[in-house]
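Trainee: Next comes work-v6.tsv, TSV, C-alpha atoms:
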chain	number	residue	atom	x	y	z
A	1282	MET	CA	-21.48	-0.94	-14.44
A	1283	SER	CA	-21.53	-3.88	-16.82
A	1284	ASP	CA	-21.24	-7.54	-15.88
A	1285	LEU	CA	-17.95	-7.81	-14.00
A	1286	GLY	CA	-17.83	-11.60	-14.05
A	1287	ALA	CA	-17.24	-13.99	-11.21
A	1288	PRO	CA	-15.71	-12.98	-7.86
A	1289	ALA	CA	-11.92	-13.18	-8.00
A	1290	SER	CA	-8.81	-12.69	-5.87
A	1291	TYR	CA	-6.12	-10.04	-5.74
A	1292	LEU	CA	-3.80	-12.87	-6.83
A	1293	THR	CA	-5.49	-12.99	-10.25
A	1294	LEU	CA	-6.18	-9.24	-10.61
A	1295	ALA	CA	-4.55	-7.93	-13.80
A	1296	ASP	CA	-3.11	-4.48	-14.36
A	1297	GLY	CA	-5.52	-2.46	-16.51
A	1298	THR	CA	-8.67	-3.90	-14.90
A	1299	ASP	CA	-11.45	-1.29	-14.57
A	1300	VAL	CA	-12.10	0.17	-11.09
A	1301	PHE	CA	-15.57	1.39	-10.06
A	1302	SER	CA	-16.76	3.58	-7.20
A	1303	SER	CA	-19.50	2.35	-4.86
A	1304	ASP	CA	-22.01	4.38	-6.89
A	1305	GLY	CA	-21.11	2.42	-10.04
A	1306	GLU	CA	-18.99	5.02	-11.82
A	1307	LYS	CA	-15.76	3.97	-13.55
A	1308	VAL	CA	-13.00	5.84	-11.70
A	1309	GLY	CA	-9.86	4.35	-13.23
A	1310	ARG	CA	-7.87	1.22	-13.94
A	1311	VAL	CA	-5.64	-0.97	-11.80
A	1312	GLU	CA	-2.07	0.20	-12.27
A	1313	HIS	CA	-0.53	-2.13	-9.70
A	1314	VAL	CA	-1.61	-4.57	-6.98
A	1315	LEU	CA	0.20	-4.05	-3.68
A	1316	ALA	CA	0.56	-7.35	-1.87
A	1317	ASP	CA	2.96	-9.76	-0.23
A	1318	GLU	CA	1.93	-13.05	-1.79
A	1319	GLU	CA	4.34	-15.09	0.34
A	1320	VAL	CA	2.37	-14.28	3.50
A	1321	ASP	CA	-0.97	-13.68	1.71
A	1322	ILE	CA	-1.36	-10.00	2.59
A	1323	PHE	CA	-3.29	-7.70	0.24
A	1324	ASP	CA	-2.32	-4.10	0.99
A	1325	GLY	CA	-4.26	-2.25	-1.68
A	1326	LEU	CA	-4.15	-0.91	-5.22
A	1327	VAL	CA	-2.53	1.84	-7.18
A	1328	ILE	CA	-5.25	3.20	-9.44
A	1329	ASP	CA	-4.54	5.06	-12.68
A	1330	ARG	CA	-7.19	7.80	-12.78
A	1331	SER	CA	-6.26	9.27	-16.19
A	1332	VAL	CA	-4.16	8.98	-19.31
A	1333	LEU	CA	-2.08	11.91	-18.01
A	1334	PRO	CA	0.98	11.42	-15.77
A	1335	GLY	CA	0.57	11.95	-12.04
A	1336	ALA	CA	-2.97	10.63	-11.86
A	1337	HIS	CA	-2.10	7.59	-9.76
A	1338	ARG	CA	-3.85	7.17	-6.43
A	1339	PHE	CA	-3.39	4.70	-3.58
A	1340	CYS	CA	-6.46	2.76	-2.49
A	1341	ASP	CA	-6.04	0.86	0.77
A	1342	ALA	CA	-7.30	-2.73	0.86
A	1343	ALA	CA	-9.98	-1.68	3.38
A	1344	HIS	CA	-11.62	0.38	0.60
A	1345	VAL	CA	-11.81	-2.53	-1.85
A	1346	GLU	CA	-15.29	-3.97	-1.52
A	1347	ARG	CA	-15.01	-6.74	-4.11
A	1348	ILE	CA	-12.68	-7.99	-6.82
A	1349	TYR	CA	-14.19	-9.61	-9.91
A	1350	ASP	CA	-12.76	-11.12	-13.10
A	1351	ARG	CA	-13.36	-7.90	-15.06
A	1352	GLY	CA	-13.53	-5.17	-12.45
A	1353	VAL	CA	-12.95	-3.93	-8.93
A	1354	VAL	CA	-15.66	-2.24	-6.84
A	1355	LEU	CA	-14.60	0.13	-4.07
A	1356	THR	CA	-16.45	1.05	-0.88
A	1357	LEU	CA	-15.87	4.73	-1.73
A	1358	ASP	CA	-18.17	6.91	-3.81
A	1359	ARG	CA	-16.75	9.18	-6.53
A	1360	ALA	CA	-15.98	11.99	-4.05
A	1361	GLY	CA	-14.14	9.54	-1.79
A	1362	VAL	CA	-12.06	8.27	-4.70
A	1363	ASP	CA	-11.23	11.87	-5.66
A	1364	GLY	CA	-9.74	12.29	-2.18
A	1365	LEU	CA	-7.42	9.27	-2.32
A	1366	PRO	CA	-3.73	10.09	-1.77
A	1367	LYS	CA	-0.94	9.75	-4.30
A	1368	PRO	CA	1.08	6.59	-3.70
A	1369	GLY	CA	4.32	6.96	-1.76
A	1370	GLU	CA	7.28	4.78	-1.02
A	1371	SER	CA	6.59	1.78	1.13
A	1372	PRO	CA	8.44	1.88	4.47
A	1373	ALA	CA	9.49	-1.70	3.78
A	1374	VAL	CA	11.74	-0.54	0.96
A	1375	LEU	CA	13.39	2.40	2.66
A	1376	GLU	CA	17.12	2.10	3.20
A	1377	ALA	CA	19.33	3.49	5.96
A	1378	ASP	CA	22.59	5.28	5.30
A	1379	PRO	CA	25.51	4.87	7.69
A	1380	ASP	CA	24.85	8.49	8.76
A	1381	ASP	CA	21.36	7.44	9.91
A	1382	THR	CA	22.65	4.89	12.41
A	1383	ALA	CA	23.28	5.38	16.11
A	1384	PRO	CA	26.25	7.47	17.26
A	1385	ASP	CA	29.63	5.83	17.87
A	1386	ASP	CA	29.36	6.27	21.64
A	1387	LEU	CA	26.25	4.07	21.87
A	1388	GLY	CA	28.36	1.15	23.07
A	1389	ASP	CA	29.79	3.30	25.87
A	1390	LYS	CA	26.31	4.41	26.92
A	1391	LEU	CA	25.04	0.84	26.96
A	1392	ARG	CA	28.07	-0.31	28.96
A	1393	ARG	CA	27.52	2.45	31.55
A	1394	ALA	CA	23.79	1.60	31.74
A	1395	TRP	CA	24.65	-2.05	32.32
A	1396	ASP	CA	27.11	-1.11	35.04
A	1397	VAL	CA	24.40	0.92	36.81
A	1398	ILE	CA	21.81	-1.85	36.47
A	1399	SER	CA	24.20	-4.56	37.63
A	1400	GLY	CA	25.44	-2.50	40.59
A	1401	ARG	CA	28.99	-2.06	39.27
A	1402	GLY	CA	28.68	1.64	38.53
What do you get writing this file as structure tokens?

Mentor:
Amino acid sequence: MSDLGAPASYLTLADGTDVFSSDGEKVGRVEHVLADEEVDIFDGLVIDRSVLPGAHRFCDAAHVERIYDRGVVLTLDRAGVDGLPKPGESPAVLEADPDDTAPDDLGDKLRRAWDVISGRG
């Protein structure tokens, strides 16, 4: 591992920055930082492990030991990085179709439950 520069923040982390395992081996490059900057939450990284498609892996923020100007060091060794999962859709961006919503008789069920609770039914 070469000089990675000064400690930095996920807010300044650029795509393409080298990523290193805890044993100092280069294991990829930052493909994308996953964060909600409005509430200052760093969720993790998508790491590009190869020049070939499909080599992206999700690294949870808990596995990021330190972010520097010119590199990211993980808490995982090479074997741990090899076991990282492929990134998936975030639950925050999933959408519901009208077919996924509650049945039409939900209002009737709630009304009957209220009647029982209130002593009317």

Trainee: Counting only C-alpha atoms, what is within 9 Å of Ile1328 in chain A, bar same-chain residues fewer than 4 positions away, as a PDB file with C-alpha atoms, in the frame of the given file?

Mentor:
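Contents of the output file out_18.pdb:
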ATOM      1  CA  VAL A1300     -12.100   0.170 -11.090  1.00  0.00           C
ATOM      2  CA  VAL A1308     -13.000   5.840 -11.700  1.00  0.00           C
ATOM      3  CA  GLY A1309      -9.860   4.350 -13.230  1.00  0.00           C
ATOM      4  CA  ARG A1310      -7.870   1.220 -13.940  1.00  0.00           C
ATOM      5  CA  VAL A1311      -5.640  -0.970 -11.800  1.00  0.00           C
ATOM      6  CA  GLU A1312      -2.070   0.200 -12.270  1.00  0.00           C
ATOM      7  CA  HIS A1313      -0.530  -2.130  -9.700  1.00  0.00           C
ATOM      8  CA  VAL A1314      -1.610  -4.570  -6.980  1.00  0.00           C
ATOM      9  CA  ALA A1336      -2.970  10.630 -11.860  1.00  0.00           C
ATOM     10  CA  HIS A1337      -2.100   7.590  -9.760  1.00  0.00           C
ATOM     11  CA  ARG A1338      -3.850   7.170  -6.430  1.00  0.00           C
ATOM     12  CA  PHE A1339      -3.390   4.700  -3.580  1.00  0.00           C
ATOM     13  CA  CYS A1340      -6.460   2.760  -2.490  1.00  0.00           C
TER      14      CYS A1340
END

Trainee: Write out as a list in words which residues come within 9 Å of range 1358-1363 of chain A when counting only C-alpha atoms, dropping same-chain ones fewer than 4 positions away.

Mentor: Phe1301, Ser1302, Ser1303, Asp1304, Gly1305, Glu1306, Lys1307, Val1308, Arg1338 and Cys1340 of chain A

Trainee: Please determine, counting all atoms listed in the file, which residue among A:Thr1356, A:Ser1399, A:Asp1350, A:Arg1392 has the shortest atom-to-atom distance to Ser1290 in chain A.

Mentor: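 Counting all atoms listed in the file, the residue closest to Ser1290 in chain A is A:Asp1350.
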
Trainee: State, in Å with one decimal place, the distance from CA of Ala1316 in chain A to CA of Val1332 in chain A.

Mentor: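 So the two atoms, CA of Ala1316 in chain A and CA of Val1332 in chain A, lie 24.4 Å apart.
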
Trainee: What's the separation between CA of Leu1292 in chain A and CA of Pro1368 in chain A, in Å to one decimal place?

Mentor: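 Answer for the CA of Leu1292 in chain A to CA of Pro1368 in chain A separation: 20.3 Å.
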
Trainee: Around the point (-17.7, -7.5, -10.4) in the file's coordinates, collect all residues with an atom within 12 Å, using all atoms listed in the file, and return them as a list in words.

Mentor: Met1282, Ser1283, Asp1284, Leu1285, Gly1286, Ala1287, Pro1288, Ala1289, Ser1290, Leu1294, Thr1298, Asp1299, Val1300, Phe1301, Ser1302, Ser1303, Gly1305, Val1345, Glu1346, Arg1347, Ile1348, Tyr1349, Asp1350, Arg1351, Gly1352, Val1353, Val1354 and Leu1355 of chain A

Trainee: Could you check the closest approach to His1344 in chain A for each of A:Leu1326, A:Leu1357, A:Leu1315, A:Ala1295 and tell me which residue wins, using all atoms listed in the file?

Mentor: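 That would be A:Leu1357, the residue with the smallest distance to His1344 in chain A.
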
Trainee: When distances are computed from all atoms listed in the file, which of A:Asp1396, A:Pro1366, A:Gly1297, A:Gly1325 shows the smallest separation from Ala1343 in chain A?

Mentor: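 Closest residue, counting all atoms listed in the file: A:Gly1325.
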
Trainee: So how far away is CA of Arg1330 in chain A from CA of Gly1369 in chain A, in Å?

Mentor: 16.0 Å

Trainee: Around all of range 1328-1333 of chain A's listed atoms, make the axis-aligned box with 6 Å on each side and tell me centre and edge lengths in Å to one decimal, as JSON.

Mentor:
{"center_x": -4.6, "center_y": 7.6, "center_z": -14.4, "size_x": 17.1, "size_y": 20.7, "size_z": 21.9}
